[in-house]
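Printed here is entry_29.cif (mmCIF, C-alpha atoms and all ligand atoms):
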data_final
loop_
_atom_site.group_PDB
_atom_site.id
_atom_site.type_symbol
_atom_site.label_atom_id
_atom_site.label_comp_id
_atom_site.auth_asym_id
_atom_site.auth_seq_id
_atom_site.Cartn_x
_atom_site.Cartn_y
_atom_site.Cartn_z
ATOM 1 C CA MET A 1 0.000 0.000 0.000
ATOM 2 C CA CYS A 2 0.900 3.686 0.503
ATOM 3 C CA GLY A 3 -1.362 6.477 -0.639
ATOM 4 C CA ILE A 4 -0.484 9.233 -3.079
ATOM 5 C CA VAL A 5 -2.430 12.432 -3.689
ATOM 6 C CA GLY A 6 -1.691 15.519 -5.756
ATOM 7 C CA LEU A 7 -3.563 18.635 -6.809
ATOM 8 C CA HIS A 8 -2.437 21.112 -9.468
ATOM 9 C CA LEU A 9 -4.707 24.173 -9.503
ATOM 10 C CA ARG A 10 -5.314 26.089 -12.725
ATOM 11 C CA LYS A 11 -7.726 28.676 -11.348
ATOM 12 C CA PRO A 12 -6.214 31.277 -8.984
ATOM 13 C CA ASP A 13 -9.593 31.653 -7.205
ATOM 14 C CA LEU A 14 -8.959 28.168 -5.799
ATOM 15 C CA TYR A 15 -5.462 28.883 -4.426
ATOM 16 C CA PRO A 16 -6.760 29.864 -0.945
ATOM 17 C CA ARG A 17 -8.462 26.444 -0.736
ATOM 18 C CA LEU A 18 -5.428 24.333 -1.697
ATOM 19 C CA GLY A 19 -4.581 23.181 1.845
ATOM 20 C CA ALA A 20 -8.160 22.300 2.776
ATOM 21 C CA LEU A 21 -8.643 20.317 -0.433
ATOM 22 C CA LEU A 22 -5.278 18.568 -0.041
ATOM 23 C CA ALA A 23 -5.957 17.752 3.627
ATOM 24 C CA GLY A 24 -9.217 16.057 2.615
ATOM 25 C CA MET A 25 -7.363 14.040 -0.029
ATOM 26 C CA LEU A 26 -4.508 13.028 2.287
ATOM 27 C CA CYS A 27 -6.717 12.002 5.207
ATOM 28 C CA GLU A 28 -8.896 9.874 2.911
ATOM 29 C CA MET A 29 -5.745 7.846 2.093
ATOM 30 C CA GLU A 30 -4.826 7.263 5.769
ATOM 31 C CA ASP A 31 -5.809 3.583 5.658
ATOM 32 C CA ARG A 32 -3.331 2.989 2.802
ATOM 33 C CA GLY A 33 -0.410 4.102 4.987
ATOM 34 C CA ALA A 34 -0.724 5.079 8.621
ATOM 35 C CA ASP A 35 2.901 4.885 9.790
ATOM 36 C CA SER A 36 4.052 8.275 8.505
ATOM 37 C CA ALA A 37 3.128 10.989 6.038
ATOM 38 C CA GLY A 38 4.385 14.007 4.201
ATOM 39 C CA ILE A 39 3.212 16.892 2.057
ATOM 40 C CA ALA A 40 4.661 19.418 -0.356
ATOM 41 C CA VAL A 41 2.926 22.761 -0.883
ATOM 42 C CA TYR A 42 3.887 25.181 -3.648
ATOM 43 C CA GLY A 43 3.155 28.861 -3.203
ATOM 44 C CA ASP A 44 1.948 29.359 0.379
ATOM 45 C CA PRO A 45 2.602 33.038 1.222
ATOM 46 C CA THR A 46 3.860 32.332 4.762
ATOM 47 C CA TRP A 47 5.444 28.877 4.348
ATOM 48 C CA SER A 48 7.520 29.907 1.298
ATOM 49 C CA PRO A 49 7.021 33.665 0.696
ATOM 50 C CA ALA A 50 7.511 34.881 -2.884
ATOM 51 C CA GLY A 51 10.963 36.242 -3.667
ATOM 52 C CA ARG A 52 12.674 34.409 -0.773
ATOM 53 C CA GLY A 53 14.561 31.123 -0.607
ATOM 54 C CA ALA A 54 12.859 28.427 1.491
ATOM 55 C CA ILE A 55 13.996 25.181 3.116
ATOM 56 C CA SER A 56 12.349 22.653 5.429
ATOM 57 C CA LEU A 57 14.398 21.215 8.295
ATOM 58 C CA ILE A 58 13.096 18.216 10.220
ATOM 59 C CA ALA A 59 13.782 17.416 13.900
ATOM 60 C CA VAL A 60 16.597 19.963 14.156
ATOM 61 C CA GLY A 61 17.121 19.601 17.928
ATOM 62 C CA ALA A 62 17.305 23.385 18.519
ATOM 63 C CA SER A 63 14.621 26.033 19.074
ATOM 64 C CA THR A 64 13.268 28.142 16.224
ATOM 65 C CA ASP A 65 15.024 31.214 17.674
ATOM 66 C CA GLU A 66 18.339 29.371 17.890
ATOM 67 C CA VAL A 67 18.035 28.205 14.278
ATOM 68 C CA ALA A 68 17.101 31.716 13.085
ATOM 69 C CA ARG A 69 20.123 33.198 14.901
ATOM 70 C CA ALA A 70 22.547 30.495 13.687
ATOM 71 C CA LEU A 71 21.496 30.854 10.037
ATOM 72 C CA ALA A 72 21.400 34.665 10.190
ATOM 73 C CA ALA A 73 24.983 34.583 11.514
ATOM 74 C CA GLU A 74 26.031 32.369 8.561
ATOM 75 C CA LEU A 75 24.211 34.422 5.925
ATOM 76 C CA GLY A 76 24.309 37.986 7.258
ATOM 77 C CA VAL A 77 20.553 38.483 6.574
ATOM 78 C CA ASP A 78 17.383 38.070 8.655
ATOM 79 C CA VAL A 79 16.064 34.507 8.687
ATOM 80 C CA SER A 80 12.499 33.511 9.518
ATOM 81 C CA VAL A 81 11.826 30.106 11.134
ATOM 82 C CA GLN A 82 8.387 28.702 11.973
ATOM 83 C CA ALA A 83 7.597 25.317 13.514
ATOM 84 C CA ARG A 84 4.862 23.099 12.074
ATOM 85 C CA GLY A 85 4.898 19.806 13.968
ATOM 86 C CA THR A 86 8.515 18.589 13.931
ATOM 87 C CA THR A 87 9.247 20.464 10.678
ATOM 88 C CA TYR A 88 10.831 23.921 10.706
ATOM 89 C CA LEU A 89 9.954 26.063 7.689
ATOM 90 C CA VAL A 90 12.818 28.460 7.109
ATOM 91 C CA ASN A 91 12.975 31.366 4.669
ATOM 92 C CA ALA A 92 15.322 34.268 3.951
ATOM 93 C CA GLY A 93 16.027 36.824 1.243
ATOM 94 C CA VAL A 94 18.688 34.633 -0.371
ATOM 95 C CA ASP A 95 18.636 31.851 -2.940
ATOM 96 C CA SER A 96 17.387 28.542 -1.453
ATOM 97 C CA GLU A 97 20.663 26.778 -2.290
ATOM 98 C CA GLU A 98 22.550 29.408 -0.279
ATOM 99 C CA LEU A 99 20.138 28.874 2.613
ATOM 100 C CA LEU A 100 20.605 25.114 2.280
ATOM 101 C CA ALA A 101 24.404 25.420 2.397
ATOM 102 C CA ALA A 102 24.144 27.568 5.554
ATOM 103 C CA ALA A 103 21.813 25.028 7.212
ATOM 104 C CA ARG A 104 24.150 22.135 6.380
ATOM 105 C CA LYS A 105 27.083 24.077 7.794
ATOM 106 C CA ALA A 106 25.287 25.024 11.028
ATOM 107 C CA TYR A 107 23.571 21.626 11.476
ATOM 108 C CA PRO A 108 25.612 19.015 9.567
ATOM 109 C CA LYS A 109 23.327 16.095 10.523
ATOM 110 C CA VAL A 110 19.981 17.796 9.965
ATOM 111 C CA LEU A 111 17.356 16.156 7.746
ATOM 112 C CA VAL A 112 16.437 18.550 4.929
ATOM 113 C CA GLY A 113 12.819 17.970 3.859
ATOM 114 C CA GLY A 114 13.067 20.100 0.726
ATOM 115 C CA PHE A 115 14.157 23.460 -0.636
ATOM 116 C CA GLY A 116 13.297 25.908 -3.367
ATOM 117 C CA SER A 117 11.836 29.295 -4.187
ATOM 118 C CA ASP A 118 8.190 28.278 -3.654
ATOM 119 C CA LEU A 119 8.243 24.921 -1.887
ATOM 120 C CA ALA A 120 7.438 23.818 1.666
ATOM 121 C CA VAL A 121 7.833 20.118 2.540
ATOM 122 C CA LEU A 122 6.561 18.750 5.857
ATOM 123 C CA LYS A 123 7.071 15.151 6.959
ATOM 124 C CA GLY A 124 6.673 13.161 10.130
ATOM 125 C CA VAL A 125 6.001 9.832 11.775
ATOM 126 C CA GLY A 126 2.437 9.172 12.924
ATOM 127 C CA ARG A 127 -1.074 9.013 11.600
ATOM 128 C CA PRO A 128 -1.669 11.282 8.581
ATOM 129 C CA THR A 129 -4.775 12.918 10.106
ATOM 130 C CA ALA A 130 -2.865 13.860 13.282
ATOM 131 C CA LEU A 131 0.080 15.157 11.234
ATOM 132 C CA ALA A 132 -2.155 17.210 8.920
ATOM 133 C CA GLU A 133 -3.712 18.788 12.016
ATOM 134 C CA ALA A 134 -0.312 19.525 13.611
ATOM 135 C CA TRP A 135 0.940 21.106 10.371
ATOM 136 C CA GLY A 136 -2.185 23.269 9.979
ATOM 137 C CA LEU A 137 -2.470 21.922 6.451
ATOM 138 C CA ALA A 138 -6.106 22.964 6.023
ATOM 139 C CA GLY A 139 -5.032 26.630 6.228
ATOM 140 C CA ALA A 140 -2.309 26.381 3.572
ATOM 141 C CA GLN A 141 -2.616 28.141 0.224
ATOM 142 C CA GLY A 142 -0.890 27.795 -3.115
ATOM 143 C CA TRP A 143 -1.127 26.512 -6.665
ATOM 144 C CA GLN A 144 0.001 22.935 -6.183
ATOM 145 C CA GLY A 145 0.186 20.311 -3.454
ATOM 146 C CA VAL A 146 1.309 16.723 -3.082
ATOM 147 C CA GLY A 147 0.778 14.252 -0.238
ATOM 148 C CA HIS A 148 1.811 10.736 0.761
ATOM 149 C CA THR A 149 0.661 8.277 3.422
ATOM 150 C CA ARG A 150 3.329 5.611 3.984
ATOM 151 C CA MET A 151 3.242 1.930 4.778
ATOM 152 C CA ALA A 152 6.971 1.194 4.788
ATOM 153 C CA THR A 153 8.336 -1.585 2.604
ATOM 154 C CA GLU A 154 12.002 -0.749 2.047
ATOM 155 C CA SER A 155 13.379 1.245 4.960
ATOM 156 C CA ALA A 156 12.642 2.127 8.579
ATOM 157 C CA VAL A 157 9.635 4.151 9.731
ATOM 158 C CA THR A 158 11.372 7.479 10.335
ATOM 159 C CA ALA A 159 10.911 11.035 9.086
ATOM 160 C CA GLY A 160 13.821 10.338 6.729
ATOM 161 C CA GLY A 161 11.913 7.369 5.297
ATOM 162 C CA ALA A 162 8.715 9.389 4.783
ATOM 163 C CA HIS A 163 7.875 10.819 1.394
ATOM 164 C CA PRO A 164 7.943 13.282 -0.402
ATOM 165 C CA TYR A 165 11.582 13.106 -1.388
ATOM 166 C CA ALA A 166 12.350 16.671 -2.398
ATOM 167 C CA VAL A 167 16.042 16.449 -3.271
ATOM 168 C CA GLY A 168 16.376 19.025 -6.068
ATOM 169 C CA PRO A 169 15.285 22.686 -6.073
ATOM 170 C CA ASP A 170 11.470 22.962 -6.084
ATOM 171 C CA GLN A 171 11.281 19.248 -6.981
ATOM 172 C CA CYS A 172 9.269 16.590 -5.225
ATOM 173 C CA LEU A 173 8.559 12.871 -5.757
ATOM 174 C CA VAL A 174 6.160 10.457 -4.037
ATOM 175 C CA HIS A 175 5.895 6.725 -4.685
ATOM 176 C CA ASN A 176 3.592 3.779 -4.166
ATOM 177 C CA GLY A 177 5.369 0.490 -4.763
ATOM 178 C CA SER A 178 8.887 -0.888 -4.424
ATOM 179 C CA PHE A 179 11.889 -0.873 -6.728
ATOM 180 C CA SER A 180 13.749 -4.174 -7.015
ATOM 181 C CA ASN A 181 17.042 -2.804 -8.420
ATOM 182 C CA HIS A 182 17.334 0.317 -6.257
ATOM 183 C CA ALA A 183 20.615 -0.860 -4.661
ATOM 184 C CA THR A 184 22.253 -1.137 -8.105
ATOM 185 C CA VAL A 185 21.021 2.287 -9.233
ATOM 186 C CA ARG A 186 22.100 3.747 -5.885
ATOM 187 C CA ARG A 187 25.652 2.451 -6.407
ATOM 188 C CA GLU A 188 25.737 3.973 -9.902
ATOM 189 C CA LEU A 189 24.537 7.348 -8.596
ATOM 190 C CA ILE A 190 27.039 7.278 -5.718
ATOM 191 C CA ALA A 191 29.780 6.603 -8.281
ATOM 192 C CA ALA A 192 28.554 9.723 -10.108
ATOM 193 C CA GLY A 193 28.950 11.774 -6.896
ATOM 194 C CA VAL A 194 25.343 11.736 -5.638
ATOM 195 C CA GLU A 195 24.830 11.650 -1.833
ATOM 196 C CA PHE A 196 21.921 10.019 -0.004
ATOM 197 C CA ASP A 197 20.079 10.733 3.259
ATOM 198 C CA SER A 198 18.351 7.362 3.791
ATOM 199 C CA GLN A 199 18.242 3.678 2.807
ATOM 200 C CA ASN A 200 14.874 4.167 1.125
ATOM 201 C CA ASP A 201 14.215 2.917 -2.427
ATOM 202 C CA THR A 202 12.112 5.962 -3.317
ATOM 203 C CA GLU A 203 14.993 8.303 -2.503
ATOM 204 C CA VAL A 204 16.969 6.563 -5.269
ATOM 205 C CA ALA A 205 14.263 7.447 -7.818
ATOM 206 C CA ALA A 206 14.117 11.042 -6.565
ATOM 207 C CA ARG A 207 17.920 11.391 -6.757
ATOM 208 C CA PHE A 208 17.863 9.810 -10.225
ATOM 209 C CA VAL A 209 15.270 12.329 -11.481
ATOM 210 C CA ALA A 210 17.103 15.268 -9.842
ATOM 211 C CA HIS A 211 20.363 14.105 -11.453
ATOM 212 C CA GLN A 212 18.696 13.994 -14.891
ATOM 213 C CA LEU A 213 17.102 17.435 -14.432
ATOM 214 C CA ALA A 214 20.406 18.907 -13.237
ATOM 215 C CA ALA A 215 21.942 17.587 -16.477
ATOM 216 C CA GLY A 216 19.392 19.688 -18.390
ATOM 217 C CA LYS A 217 16.806 17.028 -19.280
ATOM 218 C CA GLU A 218 13.084 17.836 -19.327
ATOM 219 C CA VAL A 219 10.830 16.106 -16.769
ATOM 220 C CA ASP A 220 9.143 13.837 -19.340
ATOM 221 C CA VAL A 221 12.520 12.740 -20.743
ATOM 222 C CA ALA A 222 13.851 12.071 -17.209
ATOM 223 C CA LEU A 223 10.779 9.940 -16.431
ATOM 224 C CA LYS A 224 11.135 7.936 -19.659
ATOM 225 C CA GLU A 225 14.727 7.306 -18.616
ATOM 226 C CA LEU A 226 13.499 6.244 -15.167
ATOM 227 C CA CYS A 227 11.189 3.652 -16.788
ATOM 228 C CA THR A 228 14.095 2.079 -18.664
ATOM 229 C CA THR A 229 16.436 2.160 -15.624
ATOM 230 C CA PHE A 230 14.237 0.996 -12.709
ATOM 231 C CA ASP A 231 12.722 -2.458 -12.182
ATOM 232 C CA GLY A 232 9.859 -3.098 -9.808
ATOM 233 C CA PHE A 233 6.478 -1.594 -9.049
ATOM 234 C CA TYR A 234 5.726 2.067 -9.051
ATOM 235 C CA THR A 235 3.111 4.712 -9.363
ATOM 236 C CA LEU A 236 4.985 8.007 -9.108
ATOM 237 C CA LEU A 237 3.857 11.594 -8.836
ATOM 238 C CA VAL A 238 6.687 13.973 -9.681
ATOM 239 C CA SER A 239 6.249 17.722 -9.269
ATOM 240 C CA HIS A 240 8.278 20.833 -9.869
ATOM 241 C CA ARG A 241 7.240 24.446 -9.204
ATOM 242 C CA ASP A 242 5.832 24.625 -12.733
ATOM 243 C CA SER A 243 4.898 21.026 -13.473
ATOM 244 C CA PHE A 244 3.016 17.984 -12.326
ATOM 245 C CA ALA A 245 3.628 14.493 -13.760
ATOM 246 C CA VAL A 246 2.418 10.923 -13.216
ATOM 247 C CA VAL A 247 3.984 7.651 -14.392
ATOM 248 C CA ARG A 248 3.385 3.942 -13.647
ATOM 249 C CA ASP A 249 5.503 0.857 -14.305
ATOM 250 C CA ALA A 250 4.884 -1.585 -17.171
ATOM 251 C CA ILE A 251 2.578 -3.809 -15.084
ATOM 252 C CA ALA A 252 0.765 -0.933 -13.384
ATOM 253 C CA CYS A 253 -0.427 -3.009 -10.430
ATOM 254 C CA LYS A 254 -0.321 -0.054 -8.031
ATOM 255 C CA PRO A 255 -3.591 1.840 -8.299
ATOM 256 C CA ALA A 256 -3.862 5.355 -9.700
ATOM 257 C CA VAL A 257 -6.594 7.636 -10.968
ATOM 258 C CA ILE A 258 -6.325 11.048 -12.619
ATOM 259 C CA ALA A 259 -9.127 13.609 -12.850
ATOM 260 C CA GLU A 260 -9.020 16.835 -14.849
ATOM 261 C CA THR A 261 -11.276 19.866 -15.215
ATOM 262 C CA ASP A 262 -10.654 23.368 -16.599
ATOM 263 C CA ASP A 263 -9.896 24.434 -13.001
ATOM 264 C CA TRP A 264 -7.519 21.691 -11.801
ATOM 265 C CA VAL A 265 -5.698 18.416 -12.408
ATOM 266 C CA ALA A 266 -5.752 15.901 -9.548
ATOM 267 C CA MET A 267 -4.253 12.481 -8.983
ATOM 268 C CA ALA A 268 -4.720 9.907 -6.242
ATOM 269 C CA SER A 269 -4.197 6.234 -5.498
ATOM 270 C CA GLU A 270 -7.973 5.811 -5.261
ATOM 271 C CA PHE A 271 -10.961 7.807 -6.480
ATOM 272 C CA ARG A 272 -12.398 8.306 -2.979
ATOM 273 C CA ALA A 273 -9.574 10.815 -2.319
ATOM 274 C CA LEU A 274 -10.896 12.948 -5.194
ATOM 275 C CA ALA A 275 -14.615 12.672 -4.475
ATOM 276 C CA HIS A 276 -14.842 15.997 -2.558
ATOM 277 C CA LEU A 277 -13.080 18.148 -5.172
ATOM 278 C CA PRO A 278 -15.216 21.004 -6.555
ATOM 279 C CA GLY A 279 -16.593 20.104 -9.984
ATOM 280 C CA ILE A 280 -15.622 16.409 -9.762
ATOM 281 C CA GLU A 281 -19.027 15.444 -11.256
ATOM 282 C CA ALA A 282 -17.992 16.968 -14.588
ATOM 283 C CA ALA A 283 -14.303 15.937 -14.499
ATOM 284 C CA ARG A 284 -12.624 13.752 -17.107
ATOM 285 C CA ILE A 285 -11.490 10.751 -15.049
ATOM 286 C CA TRP A 286 -9.186 7.936 -16.160
ATOM 287 C CA GLU A 287 -6.695 5.345 -15.041
ATOM 288 C CA PRO A 288 -3.171 6.184 -16.255
ATOM 289 C CA GLU A 289 -1.742 3.653 -18.743
ATOM 290 C CA PRO A 290 1.504 1.748 -18.013
ATOM 291 C CA GLU A 291 4.718 3.630 -18.859
ATOM 292 C CA VAL A 292 2.865 6.649 -20.296
ATOM 293 C CA ILE A 293 4.143 9.968 -18.945
ATOM 294 C CA TYR A 294 1.253 12.299 -18.049
ATOM 295 C CA HIS A 295 2.668 15.792 -17.689
ATOM 296 C CA TRP A 296 1.115 19.226 -17.116
ATOM 297 C CA THR A 297 2.894 22.570 -16.859
ATOM 298 C CA ARG A 298 1.911 26.001 -15.583
ATOM 299 C CA ALA A 299 2.890 27.521 -18.942
ATOM 300 C CA GLU A 300 0.042 25.521 -20.505
ATOM 301 C CA VAL A 301 -2.251 26.800 -17.785
ATOM 302 C CA SER A 302 -1.559 30.451 -18.483
ATOM 303 C CA ALA A 303 -1.372 29.961 -22.292
HETATM 304 N N1 LIG B 401 4.041 0.906 0.473
HETATM 305 C C1 LIG B 401 4.746 1.607 -0.380
HETATM 306 O O1 LIG B 401 4.285 1.927 -1.477
HETATM 307 C C2 LIG B 401 6.144 1.940 0.080
HETATM 308 C C3 LIG B 401 6.917 2.901 -0.794
HETATM 309 C C4 LIG B 401 8.427 2.761 -0.598
HETATM 310 N N2 LIG B 401 8.903 1.489 -1.074
HETATM 311 C C5 LIG B 401 8.803 2.962 0.858
HETATM 312 O O2 LIG B 401 9.079 2.028 1.578
HETATM 313 O O3 LIG B 401 8.823 4.082 1.292
#
If you convert what's in this file into structure tokens, what do you get?
Amino acid sequence: MCGIVGLHLRKPDLYPRLGALLAGMLCEMEDRGADSAGIAVYGDPTWSPAGRGAISLIAVGASTDEVARALAAELGVDVSVQARGTTYLVNAGVDSEELLAAARKAYPKVLVGGFGSDLAVLKGVGRPTALAEAWGLAGAQGWQGVGHTRMATESAVTAGGAHPYAVGPDQCLVHNGSFSNHATVRRELIAAGVEFDSQNDTEVAARFVAHQLAAGKEVDVALKELCTTFDGFYTLLVSHRDSFAVVRDAIACKPAVIAETDDWVAMASEFRALAHLPGIEAARIWEPEPEVIYHWTRAEVSA
């Protein structure tokens, strides 16, 4: 099991409702994975304010004030830190990669949930409904959100084993399934200089995609490459600040449903997670085909 949900909003009028809609989707998938959960939200004005770099730090082991002071001392600018459950959402008027480097220097062992110009990633161990409540997810805003409820198959139940894996700037990946050759691909990536945070199979796919994107490939090309490189079972939802993509393995035994209207595109492991979305009665709804890359971008939305 494991539950995946994602919502890509096309209509700005809906942005204030993103968190409430995503919370409903995530909590509906609690029985597919109740050991841990995570979310990624793009565009919340307080979690990742426009024009500032943002990072998420998990279980830092210092107070928010201490973290703000330590990072401000590294960067020489004001740093804002807010706690949501065990995740600290940090932002500053610098590029997110600069903020990330400062965080790694000040807290070398810290778990980084994600980073980017518009991204907030929150993860934790526990029941998804309790985590969503602790994060205040229902109050979040933005143009895109992703969620995952985990039933661990490949690594320990820890925050580091929870999805999303958000290992490249403004990128995020969630997975239902298990890869059978992840150890081999991990060794190849390590040989290419890639570093890992966990033993999880999904992290290997996220690092693989980030490596492809960093080499200049487009998301759909990177996902085609993923299909030819990885063995095993997967339904994946891969997002970037401007895109939203879904792909399944050749057997497609892990469930997935996509729904689309003029106002939004949504994806979930099961339809019941989509049933409350506004306008669902008139949505085009289908099951994604094996090894077909379904990909939407914000450029198309504003075109
Ligand atoms: N149940 C699942 O789909 C698990 C996903 C992934 N293999 C993990 O352990 O995190």
List as a CSV table (one decimal) with C-alpha atoms, in the frame of the given file: which residues have an atom within 7 Å of (20.8, 5.5, -2.8), counting only C-alpha atoms?
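Saved to out13.csv:
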chain,number,residue,atom,x,y,z
A,183,ALA,CA,20.6,-0.9,-4.7
A,186,ARG,CA,22.1,3.7,-5.9
A,187,ARG,CA,25.7,2.5,-6.4
A,196,PHE,CA,21.9,10.0,0.0
A,199,GLN,CA,18.2,3.7,2.8
A,203,GLU,CA,15.0,8.3,-2.5
A,204,VAL,CA,17.0,6.6,-5.3
Select the residues contacting ligand LIG 401 (chain B) at a distance of at most 6 Å, based on only C-alpha atoms and all ligand atoms, then format the selection as a PyMOL selection string.
chain A and resi 1-2+150-155+175-178+201-202
Those selected residues, please, written with C-alpha atoms and delivered as a short mmCIF file (atom, residue, chain, number, x, y, z; two decimals), in the frame of the given file.
data_model
loop_
_atom_site.label_atom_id
_atom_site.label_comp_id
_atom_site.auth_asym_id
_atom_site.auth_seq_id
_atom_site.Cartn_x
_atom_site.Cartn_y
_atom_site.Cartn_z
CA MET A 1 0.00 0.00 0.00
CA CYS A 2 0.90 3.69 0.50
CA ARG A 150 3.33 5.61 3.98
CA MET A 151 3.24 1.93 4.78
CA ALA A 152 6.97 1.19 4.79
CA THR A 153 8.34 -1.58 2.60
CA GLU A 154 12.00 -0.75 2.05
CA SER A 155 13.38 1.25 4.96
CA HIS A 175 5.90 6.72 -4.68
CA ASN A 176 3.59 3.78 -4.17
CA GLY A 177 5.37 0.49 -4.76
CA SER A 178 8.89 -0.89 -4.42
CA ASP A 201 14.22 2.92 -2.43
CA THR A 202 12.11 5.96 -3.32
#
Residues matched by the PyMOL selection byres (((chain A and resi 15-19) around 7) and not hetatm), written as JSON, numbers by chain:
{"A": [9, 12, 13, 14, 20, 21, 22, 23, 137, 138, 139, 140, 141, 142, 143]}
Please list as a ChimeraX atom specification every residue within 12 Å of Ala70 (chain A), counting only C-alpha atoms and excluding residues in the same chain fewer than 2 positions away.
/A:62-68,72-81,90,99,102-107
Excluding region 273-288 of chain A and residues on its chain fewer than 3 positions from it, collect all residues at most 6 Å away from it, counting only C-alpha atoms, and give them as a PyMOL selection string.
chain A and resi 25+28+257-261
Expanded to explicit residues, what is the PyMOL selection byres (((chain A and resi 110-122) around 6) and not hetatm) for this file, as JSON, numbers by chain?
{"A": [38, 39, 40, 41, 42, 43, 48, 53, 54, 55, 56, 57, 58, 60, 87, 96, 107, 108, 109, 123, 166, 169, 170]}
Interatomic distance between CA of His295 (chain A) and CA of Asn181 (chain A)?
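Taking CA of His295 (chain A) and CA of Asn181 (chain A), their separation equals 25.3 Å.
Put simply, CA of Cys172 (chain A) is 13.6 Å away from CA of Ala222 (chain A).
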Pick out the closest residue to Ala159 (chain A) from this set: A:Val174, A:Ile4, A:Ala59, A:Ala245. Count only C-alpha atoms.
A:Ala59
Using all atoms listed in the file, which of the listed residues (A:Tyr294, A:Arg272, A:Phe208, A:Leu89) sits closest to Asp44 (chain A)?
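For Asp44 (chain A), the nearest of the given residues is A:Leu89.
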Can you give me all heavy atoms for region 132-137 of chain A, written as a CSV table (one decimal), in the frame of the given file?
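Below is the file that was written, part28.csv:
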chain,number,residue,atom,x,y,z
A,132,ALA,N,-1.5,16.1,9.7
A,132,ALA,CA,-2.2,17.2,8.9
A,132,ALA,C,-2.7,18.3,9.9
A,132,ALA,O,-2.5,19.5,9.6
A,132,ALA,CB,-3.3,16.7,8.0
A,133,GLU,N,-3.2,17.9,11.0
A,133,GLU,CA,-3.7,18.8,12.0
A,133,GLU,C,-2.5,19.6,12.6
A,133,GLU,O,-2.6,20.8,12.7
A,133,GLU,CB,-4.4,17.9,13.1
A,133,GLU,CG,-5.0,18.7,14.2
A,133,GLU,CD,-6.3,19.4,13.8
A,133,GLU,OE1,-7.0,18.9,13.0
A,133,GLU,OE2,-6.5,20.6,14.4
A,134,ALA,N,-1.5,18.9,13.0
A,134,ALA,CA,-0.3,19.5,13.6
A,134,ALA,C,0.4,20.5,12.6
A,134,ALA,O,0.9,21.5,13.1
A,134,ALA,CB,0.7,18.5,14.1
A,135,TRP,N,0.3,20.2,11.4
A,135,TRP,CA,0.9,21.1,10.4
A,135,TRP,C,0.0,22.3,10.1
A,135,TRP,O,0.5,23.3,9.5
A,135,TRP,CB,1.2,20.4,9.0
A,135,TRP,CG,2.2,19.3,9.1
A,135,TRP,CD1,3.3,19.2,9.9
A,135,TRP,CD2,2.2,18.0,8.4
A,135,TRP,NE1,4.0,18.0,9.7
A,135,TRP,CE2,3.3,17.3,8.7
A,135,TRP,CE3,1.3,17.5,7.4
A,135,TRP,CZ2,3.6,16.0,8.2
A,135,TRP,CZ3,1.6,16.3,6.9
A,135,TRP,CH2,2.7,15.5,7.2
A,136,GLY,N,-1.3,22.2,10.4
A,136,GLY,CA,-2.2,23.3,10.0
A,136,GLY,C,-2.4,23.2,8.5
A,136,GLY,O,-2.6,24.3,7.8
A,137,LEU,N,-2.4,22.0,7.9
A,137,LEU,CA,-2.5,21.9,6.5
A,137,LEU,C,-3.7,22.6,5.9
A,137,LEU,O,-3.7,23.2,4.8
A,137,LEU,CB,-2.4,20.4,6.0
A,137,LEU,CG,-2.6,20.1,4.6
A,137,LEU,CD1,-1.6,20.9,3.7
A,137,LEU,CD2,-2.6,18.6,4.3
